[in-house]
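Shown next: work-v2.pdb, containing PDB, C-alpha atoms.
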ATOM      1  CA  MET E   1      12.685   5.987 -14.520  1.00  0.00           C
ATOM      2  CA  THR E   2       9.524   5.813 -16.574  1.00  0.00           C
ATOM      3  CA  GLN E   3       7.114   8.605 -15.788  1.00  0.00           C
ATOM      4  CA  LEU E   4       4.323   7.962 -13.273  1.00  0.00           C
ATOM      5  CA  THR E   5       1.505  10.496 -12.977  1.00  0.00           C
ATOM      6  CA  TYR E   6      -1.702  10.835 -11.005  1.00  0.00           C
ATOM      7  CA  SER E   7      -3.703  11.048 -14.238  1.00  0.00           C
ATOM      8  CA  GLN E   8      -2.433   7.578 -15.228  1.00  0.00           C
ATOM      9  CA  LEU E   9      -3.654   6.148 -11.941  1.00  0.00           C
ATOM     10  CA  GLN E  10      -7.222   7.333 -12.551  1.00  0.00           C
ATOM     11  CA  HIS E  11      -7.450   4.932 -15.516  1.00  0.00           C
ATOM     12  CA  PHE E  12      -7.319   1.946 -13.180  1.00  0.00           C
ATOM     13  CA  THR E  13     -10.899   1.247 -12.157  1.00  0.00           C
ATOM     14  CA  GLY E  14     -10.779  -2.405 -11.141  1.00  0.00           C
ATOM     15  CA  ASP E  15     -10.637  -5.750 -12.891  1.00  0.00           C
ATOM     16  CA  LEU E  16     -10.023  -9.367 -11.952  1.00  0.00           C
ATOM     17  CA  GLU E  17      -6.315  -9.710 -12.793  1.00  0.00           C
ATOM     18  CA  ARG E  18      -4.063 -10.061  -9.732  1.00  0.00           C
ATOM     19  CA  TYR E  19      -0.377 -10.473  -8.975  1.00  0.00           C
ATOM     20  CA  ARG E  20       0.799 -12.542  -6.002  1.00  0.00           C
ATOM     21  CA  HIS E  21       3.492 -11.185  -3.730  1.00  0.00           C
ATOM     22  CA  SER E  22       6.624 -13.323  -3.725  1.00  0.00           C
ATOM     23  CA  PHE E  23       7.276 -13.680   0.022  1.00  0.00           C
ATOM     24  CA  ASN E  24       3.901 -12.928   1.650  1.00  0.00           C
ATOM     25  CA  ARG E  25       1.735 -15.275  -0.404  1.00  0.00           C
ATOM     26  CA  ARG E  26      -1.411 -13.985   1.313  1.00  0.00           C
ATOM     27  CA  VAL E  27      -0.877 -10.600  -0.378  1.00  0.00           C
ATOM     28  CA  ILE E  28      -2.105 -10.065  -3.921  1.00  0.00           C
ATOM     29  CA  TYR E  29      -2.313  -6.804  -5.824  1.00  0.00           C
ATOM     30  CA  THR E  30      -4.087  -5.238  -8.756  1.00  0.00           C
ATOM     31  CA  LEU E  31      -2.972  -3.938 -12.132  1.00  0.00           C
ATOM     32  CA  GLY E  32      -3.004  -0.415 -10.698  1.00  0.00           C
ATOM     33  CA  VAL E  33      -0.592  -1.289  -7.901  1.00  0.00           C
ATOM     34  CA  GLN E  34       1.557  -3.208 -10.401  1.00  0.00           C
ATOM     35  CA  HIS E  35       1.624  -0.054 -12.561  1.00  0.00           C
ATOM     36  CA  VAL E  36       2.780   2.031  -9.577  1.00  0.00           C
ATOM     37  CA  ALA E  37       5.525  -0.501  -8.814  1.00  0.00           C
ATOM     38  CA  GLU E  38       6.674  -0.734 -12.418  1.00  0.00           C
ATOM     39  CA  ARG E  39       6.451   2.909 -13.509  1.00  0.00           C
ATOM     40  CA  GLY E  40       7.567   4.313 -10.170  1.00  0.00           C
ATOM     41  CA  GLU E  41      10.280   1.690  -9.739  1.00  0.00           C
ATOM     42  CA  ALA E  42       8.646   0.952  -6.405  1.00  0.00           C
ATOM     43  CA  TYR E  43       8.386  -2.795  -5.949  1.00  0.00           C
ATOM     44  CA  TRP E  44       9.998  -1.979  -2.608  1.00  0.00           C
ATOM     45  CA  LEU E  45       6.735  -0.254  -1.632  1.00  0.00           C
ATOM     46  CA  ILE E  46       4.726  -3.446  -2.175  1.00  0.00           C
ATOM     47  CA  ASP E  47       7.423  -5.351  -0.260  1.00  0.00           C
ATOM     48  CA  ALA E  48       7.211  -2.906   2.651  1.00  0.00           C
ATOM     49  CA  ILE E  49       3.413  -3.177   2.900  1.00  0.00           C
ATOM     50  CA  ALA E  50       3.490  -6.979   2.512  1.00  0.00           C
ATOM     51  CA  SER E  51       6.126  -7.262   5.240  1.00  0.00           C
ATOM     52  CA  TRP E  52       3.921  -5.351   7.697  1.00  0.00           C
ATOM     53  CA  ILE E  53       0.714  -7.299   6.949  1.00  0.00           C
ATOM     54  CA  GLY E  54       0.582 -10.167   9.420  1.00  0.00           C
ATOM     55  CA  SER E  55       3.542  -8.884  11.467  1.00  0.00           C
ATOM     56  CA  LYS E  56       3.449  -8.775  15.260  1.00  0.00           C
ATOM     57  CA  SER E  57       2.763  -5.009  15.193  1.00  0.00           C
ATOM     58  CA  PHE E  58      -0.054  -5.556  12.706  1.00  0.00           C
ATOM     59  CA  ARG E  59      -1.656  -8.340  14.768  1.00  0.00           C
ATOM     60  CA  GLN E  60      -1.436  -6.286  17.968  1.00  0.00           C
ATOM     61  CA  ALA E  61      -3.123  -3.322  16.264  1.00  0.00           C
ATOM     62  CA  ALA E  62      -5.843  -5.600  14.866  1.00  0.00           C
ATOM     63  CA  LEU E  63      -6.588  -6.905  18.381  1.00  0.00           C
ATOM     64  CA  LYS E  64      -7.273  -3.325  19.465  1.00  0.00           C
ATOM     65  CA  ASP E  65      -9.245  -2.347  16.340  1.00  0.00           C
ATOM     66  CA  SER E  66     -11.071  -5.115  14.465  1.00  0.00           C
ATOM     67  CA  ARG E  67     -11.536  -2.918  11.369  1.00  0.00           C
ATOM     68  CA  ILE E  68      -7.865  -3.515  10.566  1.00  0.00           C
ATOM     69  CA  GLU E  69      -8.592  -7.221  10.024  1.00  0.00           C
ATOM     70  CA  GLU E  70     -10.980  -6.382   7.176  1.00  0.00           C
ATOM     71  CA  MET E  71      -9.619  -3.242   5.545  1.00  0.00           C
ATOM     72  CA  HIS E  72      -7.018  -0.570   6.170  1.00  0.00           C
ATOM     73  CA  PHE E  73      -5.310   2.239   4.284  1.00  0.00           C
ATOM     74  CA  TRP E  74      -1.610   2.801   3.449  1.00  0.00           C
ATOM     75  CA  THR E  75      -0.037   6.113   2.472  1.00  0.00           C
ATOM     76  CA  LEU E  76       3.458   6.875   1.268  1.00  0.00           C
ATOM     77  CA  GLN E  77       4.066  10.582   1.866  1.00  0.00           C
ATOM     78  CA  ARG E  78       7.228  12.348   0.771  1.00  0.00           C
ATOM     79  CA  THR E  79       8.631  14.484   3.567  1.00  0.00           C
ATOM     80  CA  GLU E  80      11.792  16.583   3.371  1.00  0.00           C
ATOM     81  CA  GLY E  81      14.103  16.157   0.399  1.00  0.00           C
ATOM     82  CA  THR E  82      14.333  12.490  -0.528  1.00  0.00           C
ATOM     83  CA  ALA E  83      12.786  11.121   2.683  1.00  0.00           C
ATOM     84  CA  ALA E  84       9.287   9.715   3.067  1.00  0.00           C
ATOM     85  CA  THR E  85       6.969   8.141   5.603  1.00  0.00           C
ATOM     86  CA  LEU E  86       4.900   5.021   4.997  1.00  0.00           C
ATOM     87  CA  PHE E  87       1.970   4.601   7.353  1.00  0.00           C
ATOM     88  CA  ALA E  88      -1.207   2.574   7.753  1.00  0.00           C
ATOM     89  CA  LYS E  89      -4.508   3.660   9.294  1.00  0.00           C
ATOM     90  CA  ALA E  90      -7.682   1.811  10.151  1.00  0.00           C
ATOM     91  CA  ASP E  91      -9.569   4.787   8.711  1.00  0.00           C
ATOM     92  CA  SER E  92      -9.283   8.520   8.371  1.00  0.00           C
ATOM     93  CA  PRO E  93      -8.801  10.510  10.681  1.00  0.00           C
ATOM     94  CA  ASP E  94      -7.472   7.731  12.936  1.00  0.00           C
ATOM     95  CA  ALA E  95      -3.852   7.795  14.046  1.00  0.00           C
ATOM     96  CA  PRO E  96      -1.525   5.433  12.154  1.00  0.00           C
ATOM     97  CA  PHE E  97      -1.142   1.965  13.633  1.00  0.00           C
ATOM     98  CA  ILE E  98       2.067   1.379  11.644  1.00  0.00           C
ATOM     99  CA  THR E  99       4.650   4.005  10.671  1.00  0.00           C
ATOM    100  CA  GLN E 100       7.896   3.442   8.800  1.00  0.00           C
ATOM    101  CA  GLU E 101      10.389   6.211   8.089  1.00  0.00           C
ATOM    102  CA  ILE E 102      12.157   5.893   4.742  1.00  0.00           C
ATOM    103  CA  GLU E 103      15.465   7.741   4.614  1.00  0.00           C
ATOM    104  CA  PHE E 104      15.732   7.839   0.832  1.00  0.00           C
ATOM    105  CA  THR E 105      13.333   7.361  -2.043  1.00  0.00           C
ATOM    106  CA  ASP E 106      13.203   8.617  -5.585  1.00  0.00           C
ATOM    107  CA  PHE E 107       9.507   7.749  -5.850  1.00  0.00           C
ATOM    108  CA  PRO E 108       8.155  10.232  -8.403  1.00  0.00           C
ATOM    109  CA  LEU E 109       4.898  11.263  -6.689  1.00  0.00           C
ATOM    110  CA  PRO E 110       4.667  13.310  -3.490  1.00  0.00           C
ATOM    111  CA  LYS E 111       1.964  10.967  -2.132  1.00  0.00           C
ATOM    112  CA  ILE E 112       0.330   7.665  -2.997  1.00  0.00           C
ATOM    113  CA  ASP E 113      -2.528   5.822  -1.283  1.00  0.00           C
ATOM    114  CA  ILE E 114      -2.873   2.050  -1.436  1.00  0.00           C
ATOM    115  CA  TRP E 115      -5.827   0.339   0.184  1.00  0.00           C
ATOM    116  CA  ALA E 116      -5.785  -3.203   1.594  1.00  0.00           C
ATOM    117  CA  ALA E 117      -8.856  -5.414   1.916  1.00  0.00           C
ATOM    118  CA  PHE E 118      -9.121  -8.981   3.213  1.00  0.00           C
ATOM    119  CA  ASP E 119     -11.405 -11.460   1.424  1.00  0.00           C
ATOM    120  CA  GLY E 120     -11.036 -14.251   3.979  1.00  0.00           C
ATOM    121  CA  GLU E 121      -8.023 -15.736   2.176  1.00  0.00           C
ATOM    122  CA  HIS E 122      -5.943 -12.918   0.655  1.00  0.00           C
ATOM    123  CA  TRP E 123      -5.074  -9.306   1.320  1.00  0.00           C
ATOM    124  CA  THR E 124      -5.661  -7.379  -1.893  1.00  0.00           C
ATOM    125  CA  LEU E 125      -3.697  -4.166  -2.370  1.00  0.00           C
ATOM    126  CA  TYR E 126      -5.380  -1.717  -4.722  1.00  0.00           C
ATOM    127  CA  LEU E 127      -5.613   1.936  -5.683  1.00  0.00           C
ATOM    128  CA  PRO E 128      -8.573   4.019  -4.435  1.00  0.00           C
ATOM    129  CA  SER E 129      -9.784   4.350  -8.048  1.00  0.00           C
ATOM    130  CA  GLU E 130     -10.039   0.538  -8.201  1.00  0.00           C
ATOM    131  CA  HIS E 131     -12.460   0.352  -5.257  1.00  0.00           C
TER     132      HIS E 131
END
With the file now loaded, output its structure as structure tokens.
Amino acid sequence: MTQLTYSQLQHFTGDLERYRHSFNRRVIYTLGVQHVAERGEAYWLIDAIASWIGSKSFRQAALKDSRIEEMHFWTLQRTEGTAATLFAKADSPDAPFITQEIEFTDFPLPKIDIWAAFDGEHWTLYLPSEH
């Protein structure tokens, strides 16, 4: 696995280049998120987020909290050993509206945040430094 560090992620400050997700075509992502997927061998993380966006659980949460339809915040947090939890919040300190337990991951960072914003056509996944 190629090394992924927090200091690398701070170099991503936003640009116009985007990648389109293969199965959820409404999801696009930035160079920073592409870097996380490539260096952290974590394309599965983009897949997990893209699979939740637009799902029944997602739509039900958005009916209860309209902020979710415009922007929301994903976190992958390592827990014990090789396990992790992926969750999405409308905002901090709100409770997660989606939670997924991951039994095994070798993701190299203890925590990563990925934000999602809707532009009326696409959901863009990006790093906080790219905001």
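Reported to one decimal place, the separation of CA of Lys56 (chain E) from CA of Arg78 (chain E) is 25.9 Å.
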Let me know the centre plus edge lengths, in Å and rounded to one decimal, of a box with edges along x, y and z that contains all listed atoms of region 61-65 of chain E and is padded by 3 Å on every side, as JSON.
{"center_x": -6.2, "center_y": -4.6, "center_z": 17.2, "size_x": 12.1, "size_y": 10.6, "size_z": 10.6}
Find, counting all atoms listed in the file, the residue in E:Ile114, E:Ala50, E:Ala88, E:Ile68 that gets nearest to Ser22 (chain E).
-> E:Ala50
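Of note, CA of Ala84 (chain E) and CA of Ser51 (chain E) are spaced 17.4 Å apart.
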Determine the residue set returned by the PyMOL selection byres ((chain E and resi 113) around 8) for the present structure, and present it as a PyMOL selection string.
-> chain E and resi 73-76+111-112+114-115+127-128
Top pick for closest residue to Glu69 (chain E), considering E:Lys89, E:His11, E:His35, E:Arg25 and counting only C-alpha atoms =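 Answer, going by the shortest atom-to-atom distance: E:Lys89.
Considering the residues E:His72, E:Pro96, E:Leu125, E:Glu130 and counting all atoms listed in the file, Asp47 (chain E) has its shortest atom-to-atom contact with E:Leu125.
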Separation of CA of Leu4 (chain E) and CA of Leu109 (chain E), in Å?
-> 7.4 Å
Return the single residue from E:Arg67, E:Gly54, E:Leu31, E:Ala95 that is closest to Tyr19 (chain E), with distances computed using all atoms listed in the file.
->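 Ranked by minimum distance to Tyr19 (chain E), first place goes to E:Leu31.
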Within 12 Å of Gly81 (chain E), counting only C-alpha atoms, which residues qualify if same-chain residues fewer than 5 places away don't, as a list in words?
->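 Answer for this query is Ile102, Glu103, Phe104, Thr105, Asp106, Phe107 and Pro110 of chain E.
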Pull the neighbourhood of (7.9, -1.1, -8.9) for me: all residues within 12 Å in file coordinates, counting all atoms listed in the file, as a short mmCIF file (atom, residue, chain, number, x, y, z; two decimals) with C-alpha atoms, in the coordinates of the input.
data_model
loop_
_atom_site.label_atom_id
_atom_site.label_comp_id
_atom_site.auth_asym_id
_atom_site.auth_seq_id
_atom_site.Cartn_x
_atom_site.Cartn_y
_atom_site.Cartn_z
CA MET E 1 12.68 5.99 -14.52
CA THR E 2 9.52 5.81 -16.57
CA GLN E 3 7.11 8.60 -15.79
CA LEU E 4 4.32 7.96 -13.27
CA LEU E 31 -2.97 -3.94 -12.13
CA GLY E 32 -3.00 -0.42 -10.70
CA VAL E 33 -0.59 -1.29 -7.90
CA GLN E 34 1.56 -3.21 -10.40
CA HIS E 35 1.62 -0.05 -12.56
CA VAL E 36 2.78 2.03 -9.58
CA ALA E 37 5.52 -0.50 -8.81
CA GLU E 38 6.67 -0.73 -12.42
CA ARG E 39 6.45 2.91 -13.51
CA GLY E 40 7.57 4.31 -10.17
CA GLU E 41 10.28 1.69 -9.74
CA ALA E 42 8.65 0.95 -6.40
CA TYR E 43 8.39 -2.80 -5.95
CA TRP E 44 10.00 -1.98 -2.61
CA LEU E 45 6.74 -0.25 -1.63
CA ILE E 46 4.73 -3.45 -2.17
CA ASP E 47 7.42 -5.35 -0.26
CA ALA E 48 7.21 -2.91 2.65
CA ASP E 106 13.20 8.62 -5.58
CA PHE E 107 9.51 7.75 -5.85
CA PRO E 108 8.15 10.23 -8.40
#
Would you kindly translate the PyMOL selection byres ((chain E and resi 18) around 7) into the concrete residues it picks from this file, as a PDB file with C-alpha atoms, keeping the file's coordinate frame?
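Resulting contents of part_23.pdb:
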ATOM      1  CA  LEU E  16     -10.023  -9.367 -11.952  1.00  0.00           C
ATOM      2  CA  GLU E  17      -6.315  -9.710 -12.793  1.00  0.00           C
ATOM      3  CA  TYR E  19      -0.377 -10.473  -8.975  1.00  0.00           C
ATOM      4  CA  ARG E  20       0.799 -12.542  -6.002  1.00  0.00           C
ATOM      5  CA  ILE E  28      -2.105 -10.065  -3.921  1.00  0.00           C
ATOM      6  CA  TYR E  29      -2.313  -6.804  -5.824  1.00  0.00           C
ATOM      7  CA  THR E  30      -4.087  -5.238  -8.756  1.00  0.00           C
ATOM      8  CA  LEU E  31      -2.972  -3.938 -12.132  1.00  0.00           C
TER       9      LEU E  31
END
Can you list what the PyMOL selection byres ((chain E and resi 57) around 12) grabs from this structure, as a ChimeraX atom specification?
-> /E:51-56,58-64,68,88,96-100
